[in-house]
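Participant: Please read through the structure below; I'll follow up with questions.
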Amino acid sequence: MEDVRLVHALQARQDGAIEQFQTAYTPLLRYIIAPILTDQRDREECLSDVLLRVWDSIGTFDPGKATLTTWLTHLTRNAALNRRRANERRRESGCLDETMPDSTDGPEQSLLKAETAQALWAAVERLGRRDRALFLRKYYYYQPSAQIAAESGLTVRAVEGRLYRIRKHLRDDLGGVFHG
């Protein structure tokens, strides 16, 4: 019964609802994330990402399909697995830190890459909260558009359209430097 009230409070965007949710469910979320992600920083970033997803997609929660705990378990597990996969891809491609110069390039090229990466992250930080979250989910965590659409209550076409507009905005903001 308490879950139902909390869900209604979140859906109505009531003051303090997300704080109540955090108090009640953070231990469960940490329990789900811990075996998937070993790095503490990754765990905390994943937890923050899950809380943002809950806030953004609580409207899609249907108590007729699953309990809140089941829904949260799937959402959290997917977020942690996506983060782990993204980390593995970056590790495999040698892109552990985007601001680190590539040792195979000359000093000028390395500096240019580092400056471009910094400019991109600064431009991403200037995006609105929802656009920034969408951009990071797609291009930092490598989530498929279909998953983003399902979790955010949008169509795949709407997600792709928003991503197109975000990329265009970043390109304009960076003066044509960004080619993502």
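Each chain in the structure tokens gets a letter, A, B, ..., in the order shown, and its residues are numbered from 1; ligands are numbered from 1 in order too.
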Could you name the residues that touch A:Ala123 at 10 Å or less, counting only C-alpha atoms, but leaving out those on the same chain fewer than 3 positions away, as a list in words?
Facilitator: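 Residues near the query, excluding close chain neighbours: Ala117, Gln118, Ala119, Leu120, Arg126, Leu127, Arg132, His169, Leu170, Arg171, Asp173 and Leu174 of chain A.
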Participant: Using only C-alpha atoms, which of the listed residues (A:Glu108, A:Thr76, A:Val159, A:Asp3) sits closest to A:Leu52?
Facilitator: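 Closest to A:Leu52, using only C-alpha atoms: A:Thr76.
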Participant: Using only C-alpha atoms, which protein or nucleic acid residues come within 9 Å of stretch 42-51 of chain A? Drop anything in the same chain fewer than 5 positions from it, and give the result as a PDB file with N, CA and C atoms, in the first residue's frame.
Facilitator:
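Saved result, around_21.pdb, follows:
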ATOM      1  N   ILE A  18      10.772  12.125  -4.479  1.00  0.00           N
ATOM      2  CA  ILE A  18      11.996  11.431  -4.874  1.00  0.00           C
ATOM      3  C   ILE A  18      12.878  11.156  -3.665  1.00  0.00           C
ATOM      4  N   PHE A  21      11.456   8.169  -2.041  1.00  0.00           N
ATOM      5  CA  PHE A  21      11.816   7.017  -2.848  1.00  0.00           C
ATOM      6  C   PHE A  21      13.257   6.604  -2.562  1.00  0.00           C
ATOM      7  N   GLN A  22      14.163   7.573  -2.548  1.00  0.00           N
ATOM      8  CA  GLN A  22      15.572   7.272  -2.283  1.00  0.00           C
ATOM      9  C   GLN A  22      15.740   6.591  -0.931  1.00  0.00           C
ATOM     10  N   THR A  26      16.935   2.953  -2.057  1.00  0.00           N
ATOM     11  CA  THR A  26      18.367   2.980  -2.341  1.00  0.00           C
ATOM     12  C   THR A  26      19.077   1.701  -1.906  1.00  0.00           C
ATOM     13  N   LEU A  29      18.462  -0.836  -4.623  1.00  0.00           N
ATOM     14  CA  LEU A  29      19.169  -0.478  -5.853  1.00  0.00           C
ATOM     15  C   LEU A  29      20.664  -0.773  -5.734  1.00  0.00           C
ATOM     16  N   ARG A  30      21.249  -0.437  -4.584  1.00  0.00           N
ATOM     17  CA  ARG A  30      22.670  -0.729  -4.358  1.00  0.00           C
ATOM     18  C   ARG A  30      22.928  -2.241  -4.376  1.00  0.00           C
ATOM     19  N   ILE A  33      22.969  -3.334  -8.011  1.00  0.00           N
ATOM     20  CA  ILE A  33      24.104  -2.793  -8.769  1.00  0.00           C
ATOM     21  C   ILE A  33      25.429  -3.435  -8.355  1.00  0.00           C
ATOM     22  N   ALA A  34      25.603  -3.715  -7.077  1.00  0.00           N
ATOM     23  CA  ALA A  34      26.898  -4.143  -6.522  1.00  0.00           C
ATOM     24  C   ALA A  34      27.553  -5.323  -7.238  1.00  0.00           C
ATOM     25  N   ILE A  36      27.236  -6.296 -10.246  1.00  0.00           N
ATOM     26  CA  ILE A  36      27.441  -6.030 -11.672  1.00  0.00           C
ATOM     27  C   ILE A  36      28.591  -5.054 -11.886  1.00  0.00           C
ATOM     28  N   LEU A  37      28.674  -4.031 -11.047  1.00  0.00           N
ATOM     29  CA  LEU A  37      29.712  -3.007 -11.173  1.00  0.00           C
ATOM     30  C   LEU A  37      30.643  -3.065  -9.964  1.00  0.00           C
ATOM     31  N   ASP A  56      12.010  10.159 -14.572  1.00  0.00           N
ATOM     32  CA  ASP A  56      11.560  10.417 -15.940  1.00  0.00           C
ATOM     33  C   ASP A  56      10.529   9.410 -16.443  1.00  0.00           C
ATOM     34  N   LEU A  72      11.612  -1.885 -10.715  1.00  0.00           N
ATOM     35  CA  LEU A  72      12.873  -1.261 -10.317  1.00  0.00           C
ATOM     36  C   LEU A  72      14.056  -2.205 -10.531  1.00  0.00           C
ATOM     37  N   LEU A  75      14.827  -2.217 -14.266  1.00  0.00           N
ATOM     38  CA  LEU A  75      15.374  -0.921 -14.662  1.00  0.00           C
ATOM     39  C   LEU A  75      16.812  -0.780 -14.155  1.00  0.00           C
ATOM     40  N   THR A  76      17.039  -1.148 -12.898  1.00  0.00           N
ATOM     41  CA  THR A  76      18.365  -1.011 -12.285  1.00  0.00           C
ATOM     42  C   THR A  76      19.357  -1.989 -12.895  1.00  0.00           C
ATOM     43  N   ALA A  79      20.355  -0.809 -16.316  1.00  0.00           N
ATOM     44  CA  ALA A  79      21.252   0.351 -16.235  1.00  0.00           C
ATOM     45  C   ALA A  79      22.666  -0.088 -15.875  1.00  0.00           C
ATOM     46  N   ALA A  80      22.790  -0.985 -14.909  1.00  0.00           N
ATOM     47  CA  ALA A  80      24.110  -1.459 -14.487  1.00  0.00           C
ATOM     48  C   ALA A  80      24.787  -2.264 -15.599  1.00  0.00           C
ATOM     49  N   ARG A  83      25.990   0.073 -18.311  1.00  0.00           N
ATOM     50  CA  ARG A  83      27.202   0.786 -17.883  1.00  0.00           C
ATOM     51  C   ARG A  83      28.415  -0.144 -17.992  1.00  0.00           C
ATOM     52  N   ARG A  84      28.263  -1.395 -17.546  1.00  0.00           N
ATOM     53  CA  ARG A  84      29.373  -2.339 -17.617  1.00  0.00           C
ATOM     54  C   ARG A  84      29.776  -2.591 -19.071  1.00  0.00           C
ATOM     55  N   ALA A 133      20.633  13.852 -20.465  1.00  0.00           N
ATOM     56  CA  ALA A 133      20.437  12.454 -20.087  1.00  0.00           C
ATOM     57  C   ALA A 133      20.239  11.573 -21.320  1.00  0.00           C
TER      58      ALA A 133
END
Participant: Which residue is closest to A:Tyr140? Choose from A:Arg167, A:Arg90, A:His8, A:Arg157 and count only C-alpha atoms.
Facilitator: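 Once distances to A:Tyr140 are computed over only C-alpha atoms, the minimum belongs to A:Arg90.
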Participant: By how many Å are atom CA of A:Asp62 and atom CA of A:Val4 apart?
Facilitator: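 Separating atom CA of A:Asp62 from atom CA of A:Val4 is a distance of 10.8 Å.
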Participant: Could you check which of A:Arg162, A:Asn78, A:Glu88, A:Ala114 is closest to A:Gln143, using only C-alpha atoms?
Facilitator: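 Nearest candidate to A:Gln143 out of A:Arg162, A:Asn78, A:Glu88, A:Ala114: A:Asn78.
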Participant: Show me, as a ChimeraX atom specification, the residues that have an atom within 8 Å of A:Leu10 when counting only C-alpha atoms, minus same-chain residues fewer than 6 positions from it.
Facilitator: /A:17-18,55,58
Participant: Can I get the selection written as a compact mmCIF listing (two decimals), in the first residue's frame, with all heavy atoms?
Facilitator:
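So the final result, stored in part_22.txt, reads:
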# COMPACT_ATOMS: atom_id res chain seq x y z
N ALA A 17 8.90 13.60 -2.96
CA ALA A 17 8.61 12.22 -3.38
C ALA A 17 9.88 11.47 -3.75
O ALA A 17 10.05 10.31 -3.36
CB ALA A 17 7.63 12.21 -4.55
N ILE A 18 10.77 12.12 -4.48
CA ILE A 18 12.00 11.43 -4.87
C ILE A 18 12.88 11.16 -3.66
O ILE A 18 13.55 10.12 -3.60
CB ILE A 18 12.75 12.19 -6.00
CG1 ILE A 18 13.81 11.28 -6.67
CG2 ILE A 18 13.38 13.45 -5.48
CD1 ILE A 18 13.24 10.19 -7.51
N TRP A 55 12.53 8.92 -12.10
CA TRP A 55 11.82 10.20 -12.15
C TRP A 55 11.23 10.46 -13.53
O TRP A 55 10.09 10.89 -13.66
CB TRP A 55 12.76 11.33 -11.75
CG TRP A 55 12.11 12.67 -11.68
CD1 TRP A 55 12.26 13.70 -12.56
CD2 TRP A 55 11.21 13.13 -10.67
NE1 TRP A 55 11.51 14.78 -12.16
CE2 TRP A 55 10.85 14.46 -11.01
CE3 TRP A 55 10.67 12.58 -9.53
CZ2 TRP A 55 9.98 15.22 -10.23
CZ3 TRP A 55 9.81 13.33 -8.76
CH2 TRP A 55 9.47 14.64 -9.11
N ILE A 58 8.53 7.09 -14.43
CA ILE A 58 7.57 6.53 -13.48
C ILE A 58 6.16 6.52 -14.07
O ILE A 58 5.33 5.68 -13.72
CB ILE A 58 7.61 7.26 -12.12
CG1 ILE A 58 6.84 6.48 -11.04
CG2 ILE A 58 7.05 8.67 -12.24
CD1 ILE A 58 7.45 5.18 -10.65
Participant: At what distance in Å, to one decimal, does atom CA of A:Gly64 lie from atom CA of A:Glu151?
Facilitator: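 Distance reported for this atom pair: 16.7 Å.
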